[in-house]
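Below is one structure, written out as structure tokens, with a few remarks after it.
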Amino acid sequence: MKLIVTDMDGTLLDEKRSVSKENEEAIKAAQKQGAIVAIATGRDLYEATVPLKKTGLSLPIISANGAQIHDEQKRLLHEAVLNADQVRHAMAVLKDENVYFEVYTNEGVYSDDFEAGLAVVVDVLKSTGAKLSEQEIMTFAKDRFDNGSIKLIDCYEKLLEDGAVVLKLLAFSLNAERLMSARDRLELDKSLAVSASAADNLEITDVNAQKGIAVLRLAQSLGFSPKDVMAVGDNFNDVSMFQKAGLAVAMGNAPGEIQKQADLVTKTNDEHGVAYAIRNYALKKQSLL
């Protein structure tokens, strides 16, 4: 495969939110053979680069579910953003359904409620059975604010008044009924793409900001066709790139309905599933000798 695209959370990253040595080495092996390895994530550019810093890897990054594409030097190649009317409509629906959400912009991710921001991350990590202690969970939740991944703001409307470029809204709730109601209402607006990276969230972007669209755009910019692309992911926001890639690989920890939409299933994220997929499905056979 000439282009290997991997999701981050639940895919390239293990339960500690880190890139394992095995995954790092497999990516470098693919690069040595001439393949391009890229990230496609719901994270914004800043959050996506944090786990990569320890590895020394410089990779093209499709961020905010496809709202932006940056090359390995972090130069912006393309973006598909939400306009003010789309943002106000989505915010009104989420507030009406009493669903907490954060706003992703080209200058960072914003929250208007520190306590809710902490609580939702703690609840989500616990509900997914993350193999972390209580202290590790709280540390991770607080780190999102302390390290600048999330910025506090009094009112989201100020972002729009200041002309912020809005890439995505990320909503969280453990109340499945509220989340489904919000999703149903948002999907009535055909200018929006509504997906999820976990059972407890919704990711709202412009309809042109989807991983599949961005992967095709990146491939075309490199002179590759869809058949040259392997996509690896674990959740619903990865399905659009499964549908576009020549080879779709689901993680072993992906829900069964996601695995059914892939061509192959690799090992779990804690078993270095990305490395397994690269070495067994993407690299030339002689690289394994």
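The chains in the structure tokens are called A, B, ... from first to last as shown; in each chain the residues are counted from 1, and the ligands are counted from 1 in the order shown.
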*Contacts of stretch 209-220 of chain A at 8 Å (only C-alpha atoms; same-chain gap of 3+ positions) as an NGL selection string*: :A and (3 or 5 or 40-41 or 62 or 65-69 or 79-81 or 193 or 205-206 or 223-226 or 229 or 237-245)
*Excluding stretch 177-191 of chain A and residues on its chain fewer than 4 positions from it, collect all residues at most 12 Å away from it, counting only C-alpha atoms, and give them as an MDAnalysis selection string.*
chainID A and resid 80:83 85:101 169:173 195:196 198:209
*Could you state the separation of atom CA of A:Phe114 and atom CA of A:Arg43 in Å, given to one decimal place?*
18.8 Å
_Minimum-distance residue to A:Phe145, chosen among A:Leu167, A:Lys28, A:Val232, A:Glu47 (using only C-alpha atoms)_ =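 Residue with the minimum atom-to-atom distance to A:Phe145: A:Glu47.
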*Write down as number ranges by chain the residues of stretch 82-154 of chain A whose backbone DSSP state falls under strand (DSSP E or B).*
A: 82, 100-105, 108-111, 150-152
*Any idea what the distance is between atom CA of A:Val166 and atom CA of A:Tyr104?*
5.9 Å
*asked:* Quick check, in Å to one decimal: how far apart do atom CA of A:Ser58 and atom CA of A:Ala26 lie?
replied: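 These two atoms are separated by 14.1 Å.
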_So that I can check the secondary structure, give me every residue of stretch 23-256 of chain A assigned helix (DSSP H, G or I) by backbone DSSP, as a PyMOL selection string._
chain A and resi 23-32+45-53+64-66+84-96+114-127+134-146+157-161+176-186+211-221+226-228+236-244+256
Restricted to C-alpha atoms, what would the selected residues look like written as a JSON list (two decimals), in the first residue's frame?
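Contents of out_14.json, as written:
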[["chain", "number", "residue", "atom", "x", "y", "z"],
["A", 23, "ASN", "CA", 3.49, 0.81, 16.34],
["A", 24, "GLU", "CA", 6.24, 3.39, 16.01],
["A", 25, "GLU", "CA", 8.67, 0.86, 14.54],
["A", 26, "ALA", "CA", 6.09, -0.48, 12.08],
["A", 27, "ILE", "CA", 5.35, 3.05, 10.84],
["A", 28, "LYS", "CA", 9.05, 3.68, 10.34],
["A", 29, "ALA", "CA", 9.37, 0.37, 8.48],
["A", 30, "ALA", "CA", 6.55, 1.42, 6.15],
["A", 31, "GLN", "CA", 8.20, 4.78, 5.56],
["A", 32, "LYS", "CA", 11.50, 3.05, 4.80],
["A", 45, "LEU", "CA", -4.09, 19.42, 15.09],
["A", 46, "TYR", "CA", -2.61, 20.32, 18.50],
["A", 47, "GLU", "CA", -4.10, 17.31, 20.31],
["A", 48, "ALA", "CA", -3.07, 15.03, 17.46],
["A", 49, "THR", "CA", 0.58, 16.06, 17.64],
["A", 50, "VAL", "CA", 0.94, 15.54, 21.40],
["A", 51, "PRO", "CA", 1.25, 11.70, 21.34],
["A", 52, "LEU", "CA", 3.53, 11.89, 18.29],
["A", 53, "LYS", "CA", 6.11, 14.12, 19.98],
["A", 64, "ALA", "CA", -11.21, 17.30, 13.32],
["A", 65, "ASN", "CA", -12.70, 14.37, 11.38],
["A", 66, "GLY", "CA", -11.55, 15.72, 8.05],
["A", 84, "ALA", "CA", -21.93, 30.63, 11.81],
["A", 85, "ASP", "CA", -25.49, 29.52, 10.97],
["A", 86, "GLN", "CA", -24.50, 25.84, 11.12],
["A", 87, "VAL", "CA", -22.75, 26.35, 14.45],
["A", 88, "ARG", "CA", -25.64, 28.26, 16.02],
["A", 89, "HIS", "CA", -28.13, 25.64, 14.87],
["A", 90, "ALA", "CA", -26.05, 22.74, 16.22],
["A", 91, "MET", "CA", -25.44, 24.54, 19.53],
["A", 92, "ALA", "CA", -29.16, 25.26, 19.93],
["A", 93, "VAL", "CA", -30.04, 21.59, 19.43],
["A", 94, "LEU", "CA", -27.39, 20.35, 21.87],
["A", 95, "LYS", "CA", -28.37, 22.88, 24.53],
["A", 96, "ASP", "CA", -32.04, 22.00, 24.10],
["A", 114, "PHE", "CA", -14.73, 23.35, 33.38],
["A", 115, "GLU", "CA", -16.55, 21.06, 35.83],
["A", 116, "ALA", "CA", -18.70, 19.50, 33.12],
["A", 117, "GLY", "CA", -15.62, 19.07, 30.95],
["A", 118, "LEU", "CA", -13.87, 17.13, 33.71],
["A", 119, "ALA", "CA", -16.91, 15.07, 34.65],
["A", 120, "VAL", "CA", -17.71, 13.96, 31.13],
["A", 121, "VAL", "CA", -14.17, 12.69, 30.45],
["A", 122, "VAL", "CA", -14.13, 10.81, 33.76],
["A", 123, "ASP", "CA", -17.54, 9.29, 33.07],
["A", 124, "VAL", "CA", -16.67, 8.32, 29.51],
["A", 125, "LEU", "CA", -13.36, 6.69, 30.48],
["A", 126, "LYS", "CA", -15.06, 4.72, 33.25],
["A", 127, "SER", "CA", -17.94, 3.66, 31.00],
["A", 134, "GLU", "CA", -9.13, 6.67, 39.48],
["A", 135, "GLN", "CA", -6.11, 8.95, 39.85],
["A", 136, "GLU", "CA", -4.95, 8.32, 36.27],
["A", 137, "ILE", "CA", -8.43, 9.06, 34.92],
["A", 138, "MET", "CA", -8.67, 12.35, 36.83],
["A", 139, "THR", "CA", -5.12, 13.30, 35.83],
["A", 140, "PHE", "CA", -5.94, 12.68, 32.18],
["A", 141, "ALA", "CA", -9.15, 14.73, 32.44],
["A", 142, "LYS", "CA", -7.36, 17.66, 34.09],
["A", 143, "ASP", "CA", -4.45, 17.47, 31.66],
["A", 144, "ARG", "CA", -6.78, 18.39, 28.81],
["A", 145, "PHE", "CA", -7.14, 21.82, 30.41],
["A", 146, "ASP", "CA", -3.70, 22.12, 32.00],
["A", 157, "GLU", "CA", -21.15, 33.03, 21.00],
["A", 158, "LYS", "CA", -18.06, 35.18, 21.53],
["A", 159, "LEU", "CA", -16.11, 32.83, 19.26],
["A", 160, "LEU", "CA", -18.53, 33.53, 16.44],
["A", 161, "GLU", "CA", -18.56, 37.26, 17.12],
["A", 176, "ALA", "CA", -28.22, 7.55, 25.21],
["A", 177, "GLU", "CA", -31.76, 8.88, 24.72],
["A", 178, "ARG", "CA", -30.63, 12.53, 24.76],
["A", 179, "LEU", "CA", -27.71, 11.78, 22.47],
["A", 180, "MET", "CA", -29.91, 9.93, 19.96],
["A", 181, "SER", "CA", -32.50, 12.68, 20.01],
["A", 182, "ALA", "CA", -29.82, 15.28, 19.32],
["A", 183, "ARG", "CA", -28.39, 13.16, 16.54],
["A", 184, "ASP", "CA", -31.78, 12.68, 14.87],
["A", 185, "ARG", "CA", -32.46, 16.41, 14.93],
["A", 186, "LEU", "CA", -29.01, 17.36, 13.66],
["A", 211, "LYS", "CA", -12.44, 11.31, 7.02],
["A", 212, "GLY", "CA", -13.25, 9.50, 3.79],
["A", 213, "ILE", "CA", -13.38, 12.69, 1.75],
["A", 214, "ALA", "CA", -10.14, 13.94, 3.32],
["A", 215, "VAL", "CA", -8.33, 10.63, 2.75],
["A", 216, "LEU", "CA", -9.25, 10.71, -0.95],
["A", 217, "ARG", "CA", -8.12, 14.33, -1.21],
["A", 218, "LEU", "CA", -4.78, 13.51, 0.44],
["A", 219, "ALA", "CA", -4.30, 10.45, -1.78],
["A", 220, "GLN", "CA", -5.03, 12.45, -4.93],
["A", 221, "SER", "CA", -2.58, 15.17, -3.87],
["A", 226, "PRO", "CA", -8.06, 4.72, -3.70],
["A", 227, "LYS", "CA", -6.76, 1.18, -4.29],
["A", 228, "ASP", "CA", -3.36, 2.34, -3.01],
["A", 236, "PHE", "CA", -18.19, 5.09, 13.33],
["A", 237, "ASN", "CA", -16.25, 8.17, 12.24],
["A", 238, "ASP", "CA", -13.82, 5.80, 10.49],
["A", 239, "VAL", "CA", -16.47, 4.18, 8.30],
["A", 240, "SER", "CA", -16.32, 6.89, 5.63],
["A", 241, "MET", "CA", -12.63, 6.16, 5.04],
["A", 242, "PHE", "CA", -13.32, 2.41, 5.08],
["A", 243, "GLN", "CA", -15.71, 3.04, 2.18],
["A", 244, "LYS", "CA", -13.10, 4.98, 0.18],
["A", 256, "GLY", "CA", -18.81, -5.76, 15.82]]
*Determine, counting only C-alpha atoms, which protein, DNA and RNA residues have an atom within 9 Å of an atom of A:Ser111; residues of the same chain fewer than 2 positions away are not included. Present the result as a list in words.*
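Listing them by chain and then by number gives Phe101, Glu102, Val103, Val109, Asp113, Phe114, Ala116, Gly117, Ile150, Lys151, Leu152, Ile153, Asp154, Cys155 and Tyr156 of chain A.
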Selection file, all heavy atoms, as a CSV table (one decimal), in the first residue's frame:
chain,number,residue,atom,x,y,z
A,101,PHE,N,-21.1,20.0,25.2
A,101,PHE,CA,-20.3,20.0,24.0
A,101,PHE,C,-19.1,20.9,24.1
A,101,PHE,O,-19.1,21.9,24.8
A,101,PHE,CB,-21.1,20.3,22.7
A,101,PHE,CG,-21.7,21.7,22.7
A,101,PHE,CD1,-21.1,22.7,22.1
A,101,PHE,CD2,-22.9,21.9,23.4
A,101,PHE,CE1,-21.6,24.0,22.0
A,101,PHE,CE2,-23.5,23.2,23.3
A,101,PHE,CZ,-22.8,24.2,22.7
A,102,GLU,N,-18.1,20.7,23.2
A,102,GLU,CA,-16.9,21.6,23.1
A,102,GLU,C,-16.8,22.0,21.6
A,102,GLU,O,-17.3,21.3,20.7
A,102,GLU,CB,-15.7,20.8,23.5
A,102,GLU,CG,-15.7,20.4,25.0
A,102,GLU,CD,-14.7,19.4,25.4
A,102,GLU,OE1,-14.0,18.8,24.5
A,102,GLU,OE2,-14.6,19.1,26.6
A,103,VAL,N,-16.2,23.2,21.4
A,103,VAL,CA,-16.1,23.7,20.1
A,103,VAL,C,-14.7,23.7,19.6
A,103,VAL,O,-13.8,24.2,20.3
A,103,VAL,CB,-16.6,25.2,20.1
A,103,VAL,CG1,-16.5,25.8,18.7
A,103,VAL,CG2,-18.1,25.2,20.5
A,109,VAL,N,-9.4,24.1,21.0
A,109,VAL,CA,-10.6,23.6,21.4
A,109,VAL,C,-11.1,24.4,22.7
A,109,VAL,O,-10.4,24.6,23.6
A,109,VAL,CB,-10.5,22.1,21.8
A,109,VAL,CG1,-11.9,21.5,22.1
A,109,VAL,CG2,-9.9,21.3,20.6
A,113,ASP,N,-17.5,25.2,30.3
A,113,ASP,CA,-17.9,24.6,31.6
A,113,ASP,C,-16.8,23.7,32.1
A,113,ASP,O,-16.7,22.5,31.6
A,113,ASP,CB,-19.2,23.9,31.5
A,113,ASP,CG,-19.8,23.5,32.9
A,113,ASP,OD1,-19.0,23.2,33.8
A,113,ASP,OD2,-21.0,23.4,33.0
A,114,PHE,N,-15.9,24.1,32.9
A,114,PHE,CA,-14.7,23.4,33.4
A,114,PHE,C,-15.2,22.1,34.1
A,114,PHE,O,-14.7,21.0,33.8
A,114,PHE,CB,-13.9,24.2,34.3
A,114,PHE,CG,-12.7,23.5,34.9
A,114,PHE,CD1,-11.6,23.1,34.2
A,114,PHE,CD2,-12.7,23.1,36.3
A,114,PHE,CE1,-10.5,22.5,34.8
A,114,PHE,CE2,-11.7,22.4,36.9
A,114,PHE,CZ,-10.6,22.1,36.1
A,116,ALA,N,-18.1,20.4,34.0
A,116,ALA,CA,-18.7,19.5,33.1
A,116,ALA,C,-17.7,18.8,32.2
A,116,ALA,O,-17.8,17.6,31.9
A,116,ALA,CB,-19.8,20.2,32.3
A,117,GLY,N,-16.7,19.6,31.8
A,117,GLY,CA,-15.6,19.1,30.9
A,117,GLY,C,-14.8,18.0,31.6
A,117,GLY,O,-14.5,16.9,31.0
A,150,ILE,N,-7.6,22.1,25.9
A,150,ILE,CA,-8.9,22.7,26.0
A,150,ILE,C,-8.7,24.1,26.7
A,150,ILE,O,-8.1,24.2,27.7
A,150,ILE,CB,-9.9,21.8,26.9
A,150,ILE,CG1,-9.9,20.4,26.4
A,150,ILE,CG2,-11.3,22.5,26.9
A,150,ILE,CD1,-10.5,20.2,25.0
A,151,LYS,N,-9.4,25.0,26.1
A,151,LYS,CA,-9.3,26.4,26.6
A,151,LYS,C,-10.7,26.8,27.1
A,151,LYS,O,-11.7,26.4,26.5
A,151,LYS,CB,-8.9,27.4,25.5
A,151,LYS,CG,-7.6,27.1,24.9
A,151,LYS,CD,-7.3,28.0,23.7
A,151,LYS,CE,-6.0,27.6,23.0
A,151,LYS,NZ,-5.7,28.5,21.9
A,152,LEU,N,-10.8,27.5,28.2
A,152,LEU,CA,-12.0,27.9,28.8
A,152,LEU,C,-12.5,29.2,28.2
A,152,LEU,O,-11.7,30.1,28.0
A,152,LEU,CB,-11.9,28.0,30.3
A,152,LEU,CG,-12.0,26.7,31.1
A,152,LEU,CD1,-11.7,27.0,32.6
A,152,LEU,CD2,-13.4,26.1,31.0
A,153,ILE,N,-13.8,29.3,28.0
A,153,ILE,CA,-14.4,30.5,27.5
A,153,ILE,C,-15.8,30.7,28.2
A,153,ILE,O,-16.4,29.7,28.5
A,153,ILE,CB,-14.6,30.5,26.0
A,153,ILE,CG1,-14.9,31.9,25.4
A,153,ILE,CG2,-15.6,29.5,25.5
A,153,ILE,CD1,-14.8,32.0,23.9
A,154,ASP,N,-16.1,32.0,28.4
A,154,ASP,CA,-17.4,32.2,29.1
A,154,ASP,C,-18.6,31.9,28.3
A,154,ASP,O,-19.6,31.4,28.8
A,154,ASP,CB,-17.5,33.7,29.6
A,154,ASP,CG,-16.5,34.0,30.7
A,154,ASP,OD1,-16.1,33.1,31.4
A,154,ASP,OD2,-16.1,35.2,30.8
A,155,CYS,N,-18.5,32.2,27.0
A,155,CYS,CA,-19.7,32.0,26.1
A,155,CYS,C,-19.2,31.7,24.7
A,155,CYS,O,-18.4,32.4,24.1
A,155,CYS,CB,-20.5,33.3,26.1
A,155,CYS,SG,-21.9,33.2,25.0
A,156,TYR,N,-19.7,30.6,24.1
A,156,TYR,CA,-19.3,30.2,22.8
A,156,TYR,C,-19.7,31.3,21.7
A,156,TYR,O,-19.0,31.4,20.7
A,156,TYR,CB,-20.0,28.9,22.4
A,156,TYR,CG,-19.5,27.7,23.1
A,156,TYR,CD1,-20.3,26.7,23.6
A,156,TYR,CD2,-18.1,27.5,23.3
A,156,TYR,CE1,-19.9,25.6,24.3
A,156,TYR,CE2,-17.6,26.3,23.9
A,156,TYR,CZ,-18.5,25.4,24.4
A,156,TYR,OH,-18.1,24.3,25.1
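Nearest residue to A:Gly10 among A:Ile39, A:Ile278, A:Val165, A:Ala254 is A:Ala254, counting only C-alpha atoms.
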